[in-house]
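Content type compact mmCIF, C-alpha atoms, from the file my_file-v7.txt:
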```txt
# COMPACT_ATOMS: atom_id res chain seq x y z
CA MET A 1 106.17 111.60 67.23
CA ALA A 2 105.41 107.99 66.32
CA THR A 3 101.79 106.89 66.51
CA ASN A 4 100.03 103.92 65.10
CA VAL A 5 96.77 105.22 63.66
CA THR A 6 95.43 101.71 63.11
CA THR A 7 94.96 101.12 66.84
CA THR A 8 92.53 102.91 69.10
CA ILE A 9 93.66 105.42 71.69
CA ASP A 10 92.45 103.18 74.55
CA SER A 11 94.57 100.25 73.35
CA ARG A 12 97.59 102.53 72.89
CA LEU A 13 97.11 104.02 76.38
CA LYS A 14 96.77 100.53 77.86
CA ARG A 15 100.08 99.56 76.22
CA VAL A 16 101.82 102.65 77.64
CA LEU A 17 100.35 102.18 81.12
CA ARG A 18 101.48 98.55 81.12
CA HIS A 19 105.07 99.79 81.25
CA MET A 20 104.46 102.52 83.84
CA PRO A 21 105.41 101.28 87.32
CA ALA A 22 102.62 101.47 89.88
CA PRO A 23 102.04 100.20 93.39
CA VAL A 24 99.95 97.05 93.54
CA GLY A 25 97.76 95.65 96.26
CA ILE A 26 94.59 93.85 97.11
CA VAL A 27 91.69 96.10 98.03
CA THR A 28 89.17 94.39 100.28
CA SER A 29 85.82 95.08 101.86
CA PHE A 30 82.75 93.04 102.76
CA ASP A 31 79.17 92.50 101.71
CA PRO A 32 77.03 94.03 104.48
CA ALA A 33 74.14 91.66 103.66
CA THR A 34 76.20 88.52 104.28
CA ASN A 35 79.45 89.76 105.91
CA ALA A 36 81.27 87.79 103.19
CA PRO A 37 84.65 89.23 102.16
CA VAL A 38 85.05 90.86 98.74
CA GLY A 39 88.16 92.15 97.01
CA LEU A 40 90.12 92.86 93.89
CA ALA A 41 93.72 93.25 92.77
CA MET A 42 94.47 96.87 92.02
CA SER A 43 97.15 99.30 90.97
CA ALA A 44 94.72 102.22 90.68
CA PHE A 45 95.18 103.76 94.11
CA MET A 46 97.02 106.76 95.47
CA PRO A 47 97.35 109.04 98.47
CA VAL A 48 95.12 112.12 98.38
CA CYS A 49 96.16 114.20 101.40
CA LEU A 50 97.33 114.04 105.01
CA ASP A 51 94.79 116.47 106.47
CA PRO A 52 92.56 114.57 106.66
CA CYS A 53 94.49 111.39 105.83
CA ALA A 54 92.88 110.02 102.68
CA MET A 55 93.46 107.54 99.86
CA ALA A 56 91.77 107.23 96.46
CA ILE A 57 90.95 104.06 94.55
CA CYS A 58 89.30 103.47 91.15
CA VAL A 59 86.85 100.58 90.95
CA ASN A 60 85.13 99.32 87.81
CA ARG A 61 81.37 99.49 88.33
CA SER A 62 80.95 96.14 86.53
CA GLY A 63 83.40 94.40 88.90
CA SER A 64 82.15 91.76 91.32
CA SER A 65 83.30 93.72 94.42
CA HIS A 66 82.02 97.16 93.45
CA ASP A 67 78.43 97.08 94.73
CA ALA A 68 79.25 95.40 98.05
CA MET A 69 82.11 97.85 98.64
CA ILE A 70 79.83 100.82 98.01
CA ARG A 71 77.14 99.43 100.35
CA ALA A 72 79.76 98.68 103.04
CA GLY A 73 81.16 102.20 102.79
CA ARG A 74 84.62 100.91 103.71
CA PHE A 75 87.68 99.37 102.13
CA CYS A 76 91.21 98.30 103.00
CA ILE A 77 94.25 98.69 100.75
CA ASN A 78 96.57 95.76 101.47
CA LEU A 79 100.08 96.52 100.23
CA LEU A 80 102.06 93.37 99.45
CA HIS A 81 105.62 92.08 99.71
CA ASP A 82 107.13 89.19 97.76
CA ALA A 83 105.86 86.54 100.18
CA HIS A 84 102.31 87.61 99.20
CA ASP A 85 102.68 87.17 95.45
CA ALA A 86 100.44 84.07 95.55
CA HIS A 87 97.62 86.22 96.90
CA MET A 88 97.41 88.14 93.62
CA ALA A 89 96.31 85.46 91.14
CA PRO A 90 92.86 84.72 92.66
CA PHE A 91 92.11 88.46 92.77
CA ALA A 92 93.32 89.25 89.26
CA GLY A 93 90.42 87.50 87.51
CA ALA A 94 87.12 85.74 88.00
CA ALA A 95 88.39 82.20 87.31
CA ALA A 96 89.85 81.70 90.81
CA ARG A 97 87.29 83.80 92.71
CA GLU A 98 86.54 80.95 95.17
CA GLU A 99 90.21 80.91 96.23
CA ARG A 100 90.47 84.62 97.03
CA PHE A 101 90.37 84.35 100.81
CA ALA A 102 91.80 80.81 101.11
CA GLN A 103 95.21 81.72 102.60
CA ASP A 104 95.47 81.43 106.37
CA ASP A 105 96.69 85.01 106.93
CA TRP A 106 93.33 86.68 106.26
CA ARG A 107 91.87 88.44 109.30
CA GLN A 108 89.06 90.87 110.05
CA HIS A 109 89.39 94.33 111.54
CA GLY A 110 85.77 94.97 112.40
CA PRO A 111 83.96 93.69 109.32
CA VAL A 112 86.77 94.57 106.85
CA TRP A 113 89.18 91.85 105.73
CA PHE A 114 92.95 92.34 105.63
CA ILE A 115 96.18 90.36 105.16
CA GLU A 116 97.97 89.95 108.46
CA GLY A 117 101.69 90.62 108.07
CA ALA A 118 101.37 92.72 104.92
CA PRO A 119 103.71 95.73 104.77
CA ALA A 120 100.65 97.93 105.30
CA ASN A 121 96.87 97.68 105.60
CA ILE A 122 95.18 101.05 105.07
CA PHE A 123 91.58 101.09 106.33
CA CYS A 124 89.30 103.77 104.86
CA ASP A 125 85.74 105.03 105.14
CA ILE A 126 84.38 106.14 101.76
CA ARG A 127 83.82 109.92 101.88
CA GLU A 128 83.48 110.79 98.17
CA ARG A 129 82.35 108.90 95.10
CA MET A 130 82.83 110.29 91.63
CA PRO A 131 81.72 108.28 88.59
CA TYR A 132 83.82 108.62 85.46
CA GLY A 133 83.48 106.40 82.41
CA THR A 134 83.32 102.77 83.53
CA HIS A 135 84.75 103.41 87.01
CA ASP A 136 84.01 105.10 90.31
CA LEU A 137 86.75 107.13 91.93
CA LEU A 138 86.38 106.56 95.67
CA VAL A 139 88.08 108.81 98.20
CA GLY A 140 88.44 107.12 101.55
CA GLU A 141 89.37 108.80 104.81
CA VAL A 142 91.91 106.66 106.65
CA TYR A 143 90.50 105.53 109.99
CA ASP A 144 93.21 102.99 110.86
CA LEU A 145 96.53 101.71 109.57
CA PHE A 146 98.60 98.63 110.29
CA ASP A 147 102.25 99.00 109.27
CA ASN A 148 104.87 96.32 109.86
CA GLY A 149 107.79 98.59 108.98
CA SER A 150 108.69 96.70 105.79
CA GLU A 151 110.03 98.71 102.89
CA ASP A 152 109.70 95.70 100.57
CA ILE A 153 106.46 96.66 98.81
CA LEU A 154 105.54 95.14 95.46
CA GLY A 155 104.75 97.12 92.37
CA TRP A 156 103.45 96.30 88.92
CA ALA A 157 105.14 97.04 85.58
CA ASN A 158 105.51 95.32 82.23
CA GLY A 159 102.77 92.86 83.15
CA ALA A 160 104.59 91.48 86.18
CA LEU A 161 105.10 91.98 89.90
CA GLY A 162 108.37 93.59 90.90
CA ARG A 163 110.12 96.20 93.01
CA ILE A 164 111.28 99.71 92.30
CA ASN A 165 114.84 100.19 93.51
CA PRO A 166 116.76 103.45 93.77
CA LEU A 167 119.16 104.12 90.91
CA ARG A 168 122.00 104.86 93.34
```
Once more with this new file: its structure as structure tokens, please.
Amino acid sequence: MATNVTTTIDSRLKRVLRHMPAPVGIVTSFDPATNAPVGLAMSAFMPVCLDPCAMAICVNRSGSSHDAMIRAGRFCINLLHDAHDAHMAPFAGAAAREERFAQDDWRQHGPVWFIEGAPANIFCDIRERMPYGTHDLLVGEVYDLFDNGSEDILGWANGALGRINPLR
């Protein structure tokens, strides 16, 4: 077993996770005080169960969207296809924050923002919140879902957007 004892376990885990394929999307919500949209790029989400239908996301408590999302009590997981790759950059860091909702395909479903035409938009009410380390694990019960039937959903691996294709 090869390990590099000169690096910390968190940096080694980050390196390993960088190569592990994961779904990627933009998770959105709103600030209930202003109704302004908030969001972040994320690969830390997963299905929880189908009875009741639920999804889990992990949100850094120091992130700019965290507090508004908690106060709103709702979020939307926007799965992306390759035509949405330009949506990712403004959500991946703070530098382009003002450009996050600049594309003309952003819509509202109630107060929650979503990307019209995305492969799927999964709307959730937060039902559980579990703090762990720097993040909150949020379990959201799915209250609505838009699905355009596309199977072309982007993932993230090796520091880049891509697709997972069957071996055969």
Q: For Ala118 (chain A), please output as an MDAnalysis selection string all residues within 12 Å (counting all atoms listed in the file; exclusion window: fewer than 6 positions along the same chain).
A: chainID A and resid 25:26 76:85 87 105:107 145:154
Q.
I need the residue nearest Asp67 (chain A) from this list: A:Pro111, A:Pro119, A:Asp136, A:Leu13. Use all atoms listed in the file for the distance.
A. A:Asp136
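Counting all atoms listed in the file and comparing A:Gly63, A:Gly159, A:Gly133, A:Pro90, the residue that lies closest to Met20 (chain A) is A:Gly159.
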Q | For Ala36 (chain A), the nearest of the candidates A:Ser11, A:Asn121, A:Gln103, A:Ser65, counting all atoms listed in the file | A | A:Ser65
Using 4 Å of padding on each side, determine the axis-aligned box around all atoms of region 101-113 of chain A present in the file and give its centre and edge lengths in Å to one decimal, as JSON.
```
{"center_x": 90.3, "center_y": 87.9, "center_z": 106.6, "size_x": 20.7, "size_y": 22.2, "size_z": 19.6}
```
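Taking only C-alpha atoms into account, Phe45 (chain A) lies nearest to A:Ile57 out of the set A:Val112, A:Ala160, A:Ala86, A:Ile57.
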